[in-house]
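The next block is run-v3.txt, given as compact mmCIF, C-alpha atoms.
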# COMPACT_ATOMS: atom_id res chain seq x y z
CA MET U 1 -29.46 27.05 14.02
CA LYS U 2 -32.55 28.63 12.55
CA LEU U 3 -33.58 32.13 13.53
CA ILE U 4 -36.80 30.83 15.13
CA THR U 5 -34.56 29.03 17.65
CA HIS U 6 -32.42 32.11 18.07
CA ASN U 7 -35.57 34.06 18.91
CA MET U 8 -36.22 31.67 21.82
CA LEU U 9 -32.65 31.47 23.13
CA THR U 10 -31.44 33.53 26.07
CA SER U 11 -28.28 33.56 28.14
CA ASN U 12 -30.11 34.06 31.43
CA ILE U 13 -28.77 30.73 32.73
CA ILE U 14 -25.42 32.44 33.36
CA LYS U 15 -25.08 33.46 36.98
CA GLY U 16 -25.90 37.15 37.40
CA VAL U 17 -27.54 37.62 33.99
CA THR U 18 -31.18 38.65 34.39
CA LYS U 19 -32.54 38.96 30.86
CA GLY U 20 -29.78 37.91 28.47
CA TYR U 21 -31.91 38.71 25.46
CA PRO U 22 -31.62 39.04 22.50
CA LEU U 23 -28.34 37.29 21.80
CA GLY U 24 -26.15 38.96 19.20
CA ILE U 25 -25.04 36.90 16.20
CA ILE U 26 -21.55 36.99 14.71
CA PRO U 27 -22.03 34.86 11.59
CA ARG U 28 -19.17 33.11 9.83
CA LYS U 29 -21.18 30.79 7.60
CA VAL U 30 -24.89 31.13 6.85
CA GLU U 31 -26.87 28.81 4.60
CA VAL U 32 -30.33 29.13 3.11
CA LYS U 33 -32.32 25.91 2.93
CA ASP U 34 -35.73 25.14 1.49
CA VAL U 35 -38.27 24.28 4.16
CA ASP U 36 -41.94 23.40 3.63
CA TYR U 37 -44.20 26.41 4.11
CA ASN U 38 -46.69 25.93 6.94
CA PRO U 39 -48.83 29.08 7.39
CA GLU U 40 -50.84 27.53 10.25
CA PHE U 41 -47.75 26.97 12.39
CA LEU U 42 -46.37 30.45 11.63
CA ALA U 43 -49.66 32.11 12.51
CA ARG U 44 -49.53 30.27 15.83
CA MET U 45 -45.91 31.16 16.55
CA ILE U 46 -45.76 34.80 15.50
CA PRO U 47 -47.67 36.21 18.51
CA ASN U 48 -44.99 34.58 20.74
CA MET U 49 -42.08 36.07 18.86
CA ASP U 50 -40.12 39.15 19.78
CA TRP U 51 -40.28 40.79 16.36
CA SER U 52 -37.61 43.42 17.06
CA ALA U 53 -35.23 40.57 17.95
CA VAL U 54 -36.15 38.84 14.66
CA CYS U 55 -35.30 42.02 12.72
CA LYS U 56 -32.02 42.46 14.59
CA ALA U 57 -31.00 38.83 14.00
CA ALA U 58 -31.90 39.06 10.31
CA LYS U 59 -29.75 42.18 10.05
CA ASP U 60 -26.86 40.45 11.87
CA VAL U 61 -26.86 37.58 9.36
CA GLY U 62 -27.43 39.96 6.43
CA HIS U 63 -30.82 38.67 5.29
CA ASP U 64 -33.09 41.53 6.34
CA GLU U 65 -34.04 42.81 2.90
CA GLY U 66 -37.80 42.78 2.38
CA LEU U 67 -38.51 41.92 6.00
CA PRO U 68 -41.37 43.98 7.51
CA LYS U 69 -40.26 45.97 10.56
CA GLU U 70 -43.53 45.36 12.40
CA ILE U 71 -45.91 42.42 12.69
CA ALA U 72 -48.70 43.08 10.18
CA PRO U 73 -51.99 43.74 12.01
CA ASN U 74 -53.90 40.90 10.29
CA PHE U 75 -50.90 38.61 9.88
CA THR U 76 -52.93 35.37 9.91
CA GLU U 77 -54.41 36.22 6.48
CA ASN U 78 -51.46 38.22 5.17
CA ASP U 79 -49.75 35.64 2.97
CA GLU U 80 -47.00 38.02 1.91
CA PHE U 81 -46.03 38.71 5.51
CA LEU U 82 -46.18 35.01 6.49
CA LYS U 83 -43.96 34.05 3.54
CA ALA U 84 -41.38 36.69 4.51
CA ALA U 85 -41.51 35.45 8.11
CA HIS U 86 -41.21 31.84 6.94
CA HIS U 87 -38.07 32.64 4.97
CA VAL U 88 -36.37 34.50 7.80
CA LEU U 89 -37.40 32.20 10.67
CA LEU U 90 -37.13 28.74 9.14
CA GLU U 91 -35.00 28.84 6.02
CA ILE U 92 -31.93 30.76 7.19
CA ASP U 93 -29.49 28.51 9.00
CA VAL U 94 -26.49 29.81 10.95
CA VAL U 95 -23.93 27.01 10.49
CA GLU U 96 -20.80 28.58 11.96
CA GLY U 97 -20.44 31.65 14.15
CA ASP U 98 -20.89 32.97 17.67
CA LEU U 99 -23.81 34.01 19.83
CA VAL U 100 -23.04 36.91 22.14
CA CYS U 101 -24.64 37.51 25.53
CA PRO U 102 -25.79 41.18 25.55
CA GLU U 103 -24.99 41.62 29.26
CA THR U 104 -21.66 39.88 29.79
CA GLY U 105 -20.33 39.64 26.23
CA ARG U 106 -19.78 35.88 26.74
CA LYS U 107 -19.61 34.11 23.37
CA PHE U 108 -21.42 30.84 22.71
CA PRO U 109 -19.84 29.18 19.67
CA VAL U 110 -22.07 27.75 16.93
CA SER U 111 -20.41 24.88 15.11
CA ASN U 112 -21.96 22.64 12.47
CA GLY U 113 -25.29 24.39 13.11
CA VAL U 114 -25.36 23.56 16.83
CA PRO U 115 -24.96 26.37 19.39
CA ASN U 116 -22.93 25.29 22.40
CA MET U 117 -24.68 26.59 25.53
CA LEU U 118 -22.54 24.64 28.02
CA LEU U 119 -21.49 26.76 30.99
CA LYS U 120 -18.20 26.78 32.87
CA GLU U 121 -18.07 26.04 36.58
CA GLU U 122 -18.02 29.68 37.69
CA GLU U 123 -20.94 30.63 35.40
CA ALA U 124 -23.39 27.97 36.59
CA MET Z 125 -28.60 -2.39 29.12
CA ALA Z 126 -26.62 -5.56 29.57
CA SER Z 127 -23.76 -3.78 31.28
CA GLY Z 128 -25.78 -2.21 34.06
CA ARG Z 129 -26.72 1.42 34.37
CA PRO Z 130 -24.92 3.68 31.87
CA GLU Z 131 -24.95 6.68 34.21
CA LYS Z 132 -22.73 4.69 36.62
CA GLN Z 133 -20.06 4.29 33.97
CA ALA Z 134 -19.21 7.81 32.82
CA PRO Z 135 -20.71 11.29 32.49
CA PRO Z 136 -23.17 11.57 29.57
CA GLU Z 137 -20.88 13.67 27.37
CA ILE Z 138 -18.27 10.92 27.67
CA PHE Z 139 -20.48 7.82 27.80
CA TYR Z 140 -22.23 8.74 24.55
CA ASN Z 141 -19.07 8.65 22.48
CA GLU Z 142 -18.90 7.92 18.79
CA ASP Z 143 -19.39 4.16 19.22
CA GLU Z 144 -22.33 4.52 21.58
CA ALA Z 145 -23.92 7.18 19.37
CA ARG Z 146 -23.51 4.94 16.33
CA LYS Z 147 -25.73 2.31 18.02
CA TYR Z 148 -28.64 4.70 17.78
CA THR Z 149 -28.52 4.56 14.01
CA SER Z 150 -27.57 0.92 13.47
CA ASN Z 151 -29.21 -1.06 16.29
CA SER Z 152 -32.80 -1.66 15.18
CA ARG Z 153 -33.92 -2.85 18.62
CA MET Z 154 -32.64 0.28 20.32
CA ILE Z 155 -34.39 2.40 17.69
CA GLU Z 156 -37.65 0.51 18.16
CA VAL Z 157 -37.61 0.82 21.96
CA GLN Z 158 -36.80 4.54 21.74
CA SER Z 159 -39.57 5.20 19.22
CA GLN Z 160 -42.14 3.32 21.29
CA LEU Z 161 -41.22 5.30 24.39
CA SER Z 162 -41.36 8.56 22.42
CA GLU Z 163 -44.77 7.78 20.99
CA ARG Z 164 -46.18 6.97 24.40
CA ALA Z 165 -44.63 10.16 25.83
CA ILE Z 166 -46.17 12.25 23.04
CA GLU Z 167 -49.51 10.57 23.69
CA LEU Z 168 -49.24 11.56 27.35
CA LEU Z 169 -48.61 15.19 26.31
CA THR Z 170 -52.18 15.29 24.94
CA LEU Z 171 -51.42 18.08 22.50
CA PRO Z 172 -54.37 19.58 20.64
CA GLU Z 173 -55.02 17.53 17.51
CA ASP Z 174 -54.28 18.88 14.04
CA THR Z 175 -52.48 21.91 15.45
CA PRO Z 176 -48.73 22.10 14.95
CA SER Z 177 -47.13 22.65 18.38
CA PHE Z 178 -43.70 23.83 19.45
CA ILE Z 179 -42.00 21.17 21.59
CA LEU Z 180 -38.76 20.98 23.54
CA ASP Z 181 -36.98 17.62 23.56
CA VAL Z 182 -34.62 17.41 26.55
CA GLY Z 183 -31.84 14.89 25.99
CA CYS Z 184 -32.80 14.53 22.34
CA GLY Z 185 -29.72 12.47 21.53
CA SER Z 186 -29.76 11.29 17.96
CA GLY Z 187 -33.20 12.78 17.38
CA LEU Z 188 -35.24 9.55 17.37
CA SER Z 189 -37.89 11.07 19.62
CA GLY Z 190 -37.84 14.20 17.50
CA GLU Z 191 -38.64 12.19 14.40
CA CYS Z 192 -41.81 10.95 16.09
CA LEU Z 193 -42.72 14.58 16.76
CA THR Z 194 -42.04 15.52 13.14
CA ASP Z 195 -44.21 12.60 11.98
CA GLN Z 196 -47.09 14.04 13.97
CA GLY Z 197 -46.61 17.47 12.44
CA HIS Z 198 -44.97 19.24 15.37
CA TYR Z 199 -41.93 21.48 15.40
CA TRP Z 200 -39.25 20.89 17.99
CA ILE Z 201 -35.96 22.04 19.47
CA GLY Z 202 -33.65 19.41 20.90
CA ILE Z 203 -31.07 19.91 23.63
CA ASP Z 204 -28.39 17.36 24.51
CA ILE Z 205 -24.98 17.36 26.18
CA SER Z 206 -23.23 14.79 23.97
CA PRO Z 207 -21.64 16.28 20.84
CA HIS Z 208 -21.45 12.82 19.23
CA MET Z 209 -25.16 12.16 19.65
CA LEU Z 210 -25.89 15.59 18.18
CA GLY Z 211 -23.53 14.74 15.34
CA VAL Z 212 -25.53 11.61 14.59
CA ALA Z 213 -28.72 13.68 14.70
CA GLN Z 214 -27.20 16.10 12.18
CA GLU Z 215 -26.24 13.20 9.93
CA ARG Z 216 -29.77 11.85 10.04
CA ASP Z 217 -30.92 15.27 8.89
CA VAL Z 218 -33.58 15.70 11.57
CA GLU Z 219 -36.09 18.51 11.13
CA GLY Z 220 -35.68 20.10 14.56
CA ASP Z 221 -32.99 22.54 15.61
CA LEU Z 222 -30.32 21.23 17.96
CA ILE Z 223 -28.58 22.86 20.90
CA GLN Z 224 -25.70 21.53 22.97
CA GLY Z 225 -26.38 22.16 26.62
CA ASP Z 226 -26.41 20.65 30.08
CA MET Z 227 -29.83 20.11 31.72
CA GLY Z 228 -28.34 20.99 35.09
CA ASP Z 229 -27.20 24.41 33.86
CA GLY Z 230 -30.82 25.32 33.22
CA MET Z 231 -32.87 25.75 30.07
CA PRO Z 232 -31.71 28.82 28.10
CA PHE Z 233 -35.09 29.85 26.65
CA ARG Z 234 -37.46 32.78 26.80
CA PRO Z 235 -40.45 32.52 29.14
CA GLY Z 236 -43.63 30.93 27.81
CA THR Z 237 -42.08 29.43 24.70
CA PHE Z 238 -43.04 25.75 24.53
CA ASP Z 239 -46.40 23.99 24.15
CA GLY Z 240 -44.93 20.83 25.62
CA VAL Z 241 -41.73 19.12 26.72
CA ILE Z 242 -40.66 15.51 26.27
CA SER Z 243 -37.60 13.72 27.50
CA ILE Z 244 -36.75 10.07 26.94
CA SER Z 245 -34.43 8.29 29.39
CA ALA Z 246 -32.49 11.41 30.27
CA LEU Z 247 -33.61 12.69 33.67
CA GLN Z 248 -31.81 10.02 35.72
CA TRP Z 249 -28.47 11.38 34.49
CA LEU Z 250 -29.09 14.53 36.52
CA CYS Z 251 -29.00 12.57 39.77
CA ASN Z 252 -25.26 11.96 39.38
CA ALA Z 253 -22.54 14.33 40.48
CA ASP Z 254 -20.05 13.98 37.64
CA LYS Z 255 -17.96 16.97 38.59
CA THR Z 256 -16.77 18.08 42.01
CA TYR Z 257 -18.96 21.17 41.94
CA HIS Z 258 -22.08 19.25 40.92
CA HIS Z 259 -24.82 19.14 43.52
CA PRO Z 260 -27.67 16.96 42.15
CA PRO Z 261 -30.60 18.48 44.11
CA ARG Z 262 -29.48 21.99 43.15
CA ARG Z 263 -29.02 21.01 39.50
CA LEU Z 264 -32.43 19.32 39.44
CA TYR Z 265 -34.02 22.41 40.93
CA LYS Z 266 -32.29 24.71 38.45
CA PHE Z 267 -33.42 22.46 35.61
CA PHE Z 268 -37.05 22.28 36.74
CA SER Z 269 -37.38 25.96 37.65
CA THR Z 270 -35.95 27.20 34.34
CA LEU Z 271 -38.02 24.61 32.48
CA TYR Z 272 -41.18 25.78 34.23
CA ALA Z 273 -40.46 29.33 33.13
CA CYS Z 274 -39.97 28.48 29.46
CA MET Z 275 -43.22 26.49 29.20
CA LYS Z 276 -46.63 27.96 28.39
CA ARG Z 277 -49.03 27.95 31.32
CA GLY Z 278 -50.99 24.72 31.39
CA ALA Z 279 -48.43 22.94 29.19
CA ARG Z 280 -47.25 19.46 30.05
CA ALA Z 281 -43.81 17.96 30.42
CA VAL Z 282 -43.45 14.18 30.12
CA PHE Z 283 -40.22 12.52 31.23
CA GLN Z 284 -39.65 8.84 30.62
CA LEU Z 285 -37.10 7.75 33.17
CA TYR Z 286 -35.38 4.77 34.71
CA PRO Z 287 -35.00 5.69 38.38
CA GLU Z 288 -32.43 3.62 40.19
CA ASN Z 289 -34.41 3.41 43.42
CA SER Z 290 -37.30 5.04 45.20
CA SER Z 291 -35.16 7.67 46.92
CA GLN Z 292 -33.88 8.86 43.53
CA LEU Z 293 -37.45 9.12 42.31
CA GLU Z 294 -38.37 11.01 45.46
CA LEU Z 295 -35.49 13.43 44.90
CA ILE Z 296 -36.66 14.15 41.35
CA THR Z 297 -40.34 14.61 42.18
CA GLN Z 298 -39.52 16.68 45.26
CA GLN Z 299 -37.43 19.14 43.25
CA SER Z 300 -40.03 19.34 40.47
CA MET Z 301 -42.80 20.16 42.96
CA LYS Z 302 -40.52 22.74 44.59
CA ALA Z 303 -40.15 24.40 41.18
CA GLY Z 304 -43.95 24.73 40.98
CA PHE Z 305 -44.97 21.76 38.86
CA THR Z 306 -47.99 19.65 39.66
CA GLY Z 307 -48.69 16.15 38.40
CA GLY Z 308 -47.02 12.88 39.20
CA LEU Z 309 -45.90 9.51 38.06
CA VAL Z 310 -47.67 7.42 35.41
CA VAL Z 311 -46.58 3.78 35.39
CA ASP Z 312 -47.34 1.57 32.41
CA TYR Z 313 -47.67 -2.15 33.12
CA PRO Z 314 -46.72 -1.83 36.81
CA ASN Z 315 -46.98 -5.58 37.39
CA SER Z 316 -44.46 -6.52 34.74
CA THR Z 317 -40.74 -6.29 35.36
CA LYS Z 318 -39.85 -5.98 31.69
CA ALA Z 319 -42.68 -3.96 30.19
CA LYS Z 320 -42.89 -1.59 33.17
CA LYS Z 321 -42.24 1.99 32.10
CA MET Z 322 -42.32 5.12 34.20
CA PHE Z 323 -43.35 8.52 32.97
CA LEU Z 324 -43.13 11.60 35.14
CA CYS Z 325 -46.01 13.72 33.93
CA LEU Z 326 -45.75 17.35 35.06
CA PHE Z 327 -48.12 20.27 34.53
CA ALA Z 328 -46.87 23.86 34.44
CA GLY Z 329 -49.64 25.74 36.22
CA GLY Z 330 -52.92 26.49 34.50
CA THR Z 331 -56.13 24.73 35.40
CA THR Z 332 -55.86 21.53 37.40
CA GLN Z 333 -55.56 18.56 35.08
CA ALA Z 334 -56.21 14.93 35.82
CA LEU Z 335 -53.19 12.65 35.67
CA PRO Z 336 -53.53 10.16 32.80
CA LYS Z 337 -53.84 6.49 33.64
CA GLY Z 338 -51.02 4.04 33.03
CA LEU Z 339 -51.43 1.25 30.52
CA GLY Z 340 -52.21 -2.19 31.90
CA THR Z 341 -53.69 -0.84 35.12
CA GLU Z 342 -57.18 -0.53 36.48
CA GLY Z 343 -57.97 3.04 37.35
CA ALA Z 344 -55.43 5.67 38.23
CA ILE Z 345 -52.04 4.79 39.59
CA ASP Z 346 -51.92 5.11 43.31
CA MET Z 347 -48.42 4.97 44.71
CA ARG Z 348 -49.81 3.95 48.08
CA LYS Z 349 -51.38 0.81 46.66
CA ASN Z 350 -48.78 -1.37 48.30
CA GLU Z 351 -49.21 0.23 51.67
CA ILE Z 352 -51.84 -0.60 54.24
CA THR Z 353 -54.34 2.19 54.44
CA TYR Z 354 -54.65 3.68 57.88
CA SER Z 355 -58.09 4.05 59.33
CA ASP Z 356 -58.86 5.55 62.69
CA LYS Z 357 -62.07 3.54 63.13
CA ARG Z 358 -61.94 0.06 64.53
CA GLU Z 359 -63.23 -2.62 62.24
CA ARG Z 360 -66.86 -3.41 62.92
CA ILE Z 361 -67.00 -6.23 65.44
CA LYS Z 362 -69.60 -7.97 63.29
CA ASN Z 363 -67.08 -8.40 60.49
CA ALA Z 364 -64.36 -9.42 62.85
CA ARG Z 365 -66.46 -12.33 64.05
CA GLY Z 366 -66.38 -13.95 60.62
CA LYS Z 367 -69.41 -15.44 58.93
CA SER Z 368 -72.86 -13.96 59.38
CA LEU Z 369 -75.69 -15.76 61.05
CA LYS Z 370 -76.80 -18.66 58.88
CA LYS Z 371 -79.93 -18.12 56.74
CA SER Z 372 -79.87 -14.36 57.44
CA ARG Z 373 -80.05 -11.85 54.56
CA ASP Z 374 -76.36 -10.98 55.03
CA TRP Z 375 -75.40 -14.64 54.91
CA ILE Z 376 -77.38 -15.12 51.67
CA LEU Z 377 -75.82 -12.04 50.08
CA GLU Z 378 -72.35 -13.19 51.01
CA LYS Z 379 -72.99 -16.63 49.62
CA LYS Z 380 -74.35 -15.20 46.36
CA GLU Z 381 -71.29 -12.97 46.06
CA ARG Z 382 -69.02 -15.93 46.64
CA ARG Z 383 -70.78 -17.98 43.95
CA ARG Z 384 -70.60 -15.00 41.59
CA ARG Z 385 -66.85 -14.79 42.09
CA GLN Z 386 -66.66 -18.47 41.19
CA GLY Z 387 -68.28 -17.53 37.91
CA LYS Z 388 -71.55 -19.32 38.55
CA GLU Z 389 -74.91 -18.08 37.42
CA VAL Z 390 -76.52 -16.22 40.31
CA ARG Z 391 -79.82 -14.35 40.38
CA PRO Z 392 -79.37 -10.61 40.95
CA ASN Z 393 -79.84 -9.13 44.42
CA THR Z 394 -83.24 -7.50 44.89
CA LYS Z 395 -85.33 -6.26 47.77
CA TYR Z 396 -86.89 -9.76 47.89
CA THR Z 397 -83.55 -11.49 48.48
CA GLY Z 398 -83.58 -13.32 51.80
CA ARG Z 399 -87.19 -12.38 52.64
CA LYS Z 400 -89.44 -14.89 54.31
CA ARG Z 401 -92.37 -16.18 52.25
CA LYS Z 402 -95.90 -15.59 53.47
CA ALA Z 403 -97.30 -18.37 55.58
CA VAL Z 404 -100.13 -19.03 53.09
CA PHE Z 405 -97.76 -19.68 50.21
Rewritten as structure tokens:
Amino acid sequence: MKLITHNMLTSNIIKGVTKGYPLGIIPRKVEVKDVDYNPEFLARMIPNMDWSAVCKAAKDVGHDEGLPKEIAPNFTENDEFLKAAHHVLLEIDVVEGDLVCPETGRKFPVSNGVPNMLLKEEEA
Amino acid sequence: MASGRPEKQAPPEIFYNEDEARKYTSNSRMIEVQSQLSERAIELLTLPEDTPSFILDVGCGSGLSGECLTDQGHYWIGIDISPHMLGVAQERDVEGDLIQGDMGDGMPFRPGTFDGVISISALQWLCNADKTYHHPPRRLYKFFSTLYACMKRGARAVFQLYPENSSQLELITQQSMKAGFTGGLVVDYPNSTKAKKMFLCLFAGGTTQALPKGLGTEGAIDMRKNEITYSDKRERIKNARGKSLKKSRDWILEKKERRRRQGKEVRPNTKYTGRKRKAVF
């Protein structure tokens, strides 16, 4: 699971959870992969991102060095910022670990890079 | 589908076991059909050209539809219930990120995330109650309402589906409209049993959009085509009597129309058609 996906995931499908965001990450195995850099896509996505959640997730997986704490004001032209965002959002892959709902503490296991968001009967 | 409808056999997480999932990498016909459906579904999404979009693939399975999205330069997240299908997708090294989840539990995403949603042959699975606590209309509603929330306003969702019968289709569309979607059904090649394909094309708010036309049809699909249209006026008695008075203008126009339908060369209708000549002529 890449951090861009993590930034979109919530646990608000659990009964009684209103926001369920951002999910905490307990990493057990994190890989870094090379992904093609696409500044156009990043510039389009960054306004939709919750940047504080990106920073928190990067800290959880231990890859927050050099990551700007705020979205740069002219990020579409700021290559340095886009490259840092590209690395954190698309190249870091959580392979094994847990996602934690901030409201209920329910853990969603991540195995082989796939988070398991299946709910139990009483949660649906 | 030689053995009938798969959703009648077992729940999706059990039906798509290792053997079934393997077919999606080895069976070239299955791959071809899936890719064709995906390409048509992506076409129906009408995404802005040359702009990479962020797409959700519901029931992504082995990621065949996702590969079509990658080919067109889009980024995607896939969600599926079958761990084996997701395993195959992982093996194929698809570009998109994968999530294991049940459509009927709802879509676990932040509001306003996706530029579009596609789903190939997945929606009909939701109409089954595979567990005692499953209630298909409720699960459909939960799916559609959470999906609506996680789409950008004005975004489209295209579902290719094989409805079992018209009441199943009605159940699906009813719940989607209840969740706030507009749009409707696009049928490709409606007059062919084999080539016929149904796409449920839904719009999440925004400005009103025209429903795309199905392939192999003339004009927009009208589901009421097979019904007799009701009119509160009685048919004009003139028409009811049959042919018009011989040698009258109406009679000539009718005759010309008839000959035209037979493919014969007929002079165009003008204001002179059926007029009497002057006596001096």
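Counting all atoms listed in the file, every residue of chain U that comes within 6 Å of chain Z is listed here: Met1, Met8, Leu9, Thr10, Ser11, Ile13, Phe41, Val114, Pro115, Asn116, Met117, Leu118 and Ala124 of chain U.
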For the selection just defined, write its residues with C-alpha atoms to a file, as a compact mmCIF listing (two decimals), keeping the file's coordinate frame.
# COMPACT_ATOMS: atom_id res chain seq x y z
CA MET U 1 -29.46 27.05 14.02
CA MET U 8 -36.22 31.67 21.82
CA LEU U 9 -32.65 31.47 23.13
CA THR U 10 -31.44 33.53 26.07
CA SER U 11 -28.28 33.56 28.14
CA ILE U 13 -28.77 30.73 32.73
CA PHE U 41 -47.75 26.97 12.39
CA VAL U 114 -25.36 23.56 16.83
CA PRO U 115 -24.96 26.37 19.39
CA ASN U 116 -22.93 25.29 22.40
CA MET U 117 -24.68 26.59 25.53
CA LEU U 118 -22.54 24.64 28.02
CA ALA U 124 -23.39 27.97 36.59
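Counting from atom CA of Z:Gly187, the distance to atom CA of Z:Met209 is 8.4 Å.
Among the candidates Z:Val404, Z:Ile138, Z:Ala145, Z:Ala281, the one nearest to Z:Glu215 when counting all atoms listed in the file is Z:Ala145.
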>> One number please: atom CA of U:Lys120 to atom CA of U:Val30, in Å, one decimal.
In response: 27.2 Å
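Nearest residue to U:Ser52, choosing from U:Asn7, U:Asn74, U:Asn112, U:Thr18 and counting all atoms listed in the file: U:Asn7.
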>> Just to confirm, what's the straight-line distance from atom CA of Z:Glu156 to atom CA of Z:Asn315 in Å (one decimal)?
In response: 22.2 Å
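Every protein, DNA or RNA residue with an atom at most 8 Å from U:Ile25, where only C-alpha atoms count and chain neighbours fewer than 3 positions away do not, is listed here: Ala57, Asp60, Val61, Gly97, Asp98, Leu99 and Val100 of chain U.
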> Once you count all atoms listed in the file, which residues end up no further than 12 Å from (-35.8, 39.2, -1.1) in the file's frame, shown as a ChimeraX atom specification?
Replying inline: /U:62-68,80,83-85,87-88
> Around (-38.0, 22.6, 42.0) in the file's own coordinates, what residues are found within 9 Å if you use only C-alpha atoms, given back as a PyMOL selection string?
Replying inline: chain Z and resi 261-262+264-269+272+296-305
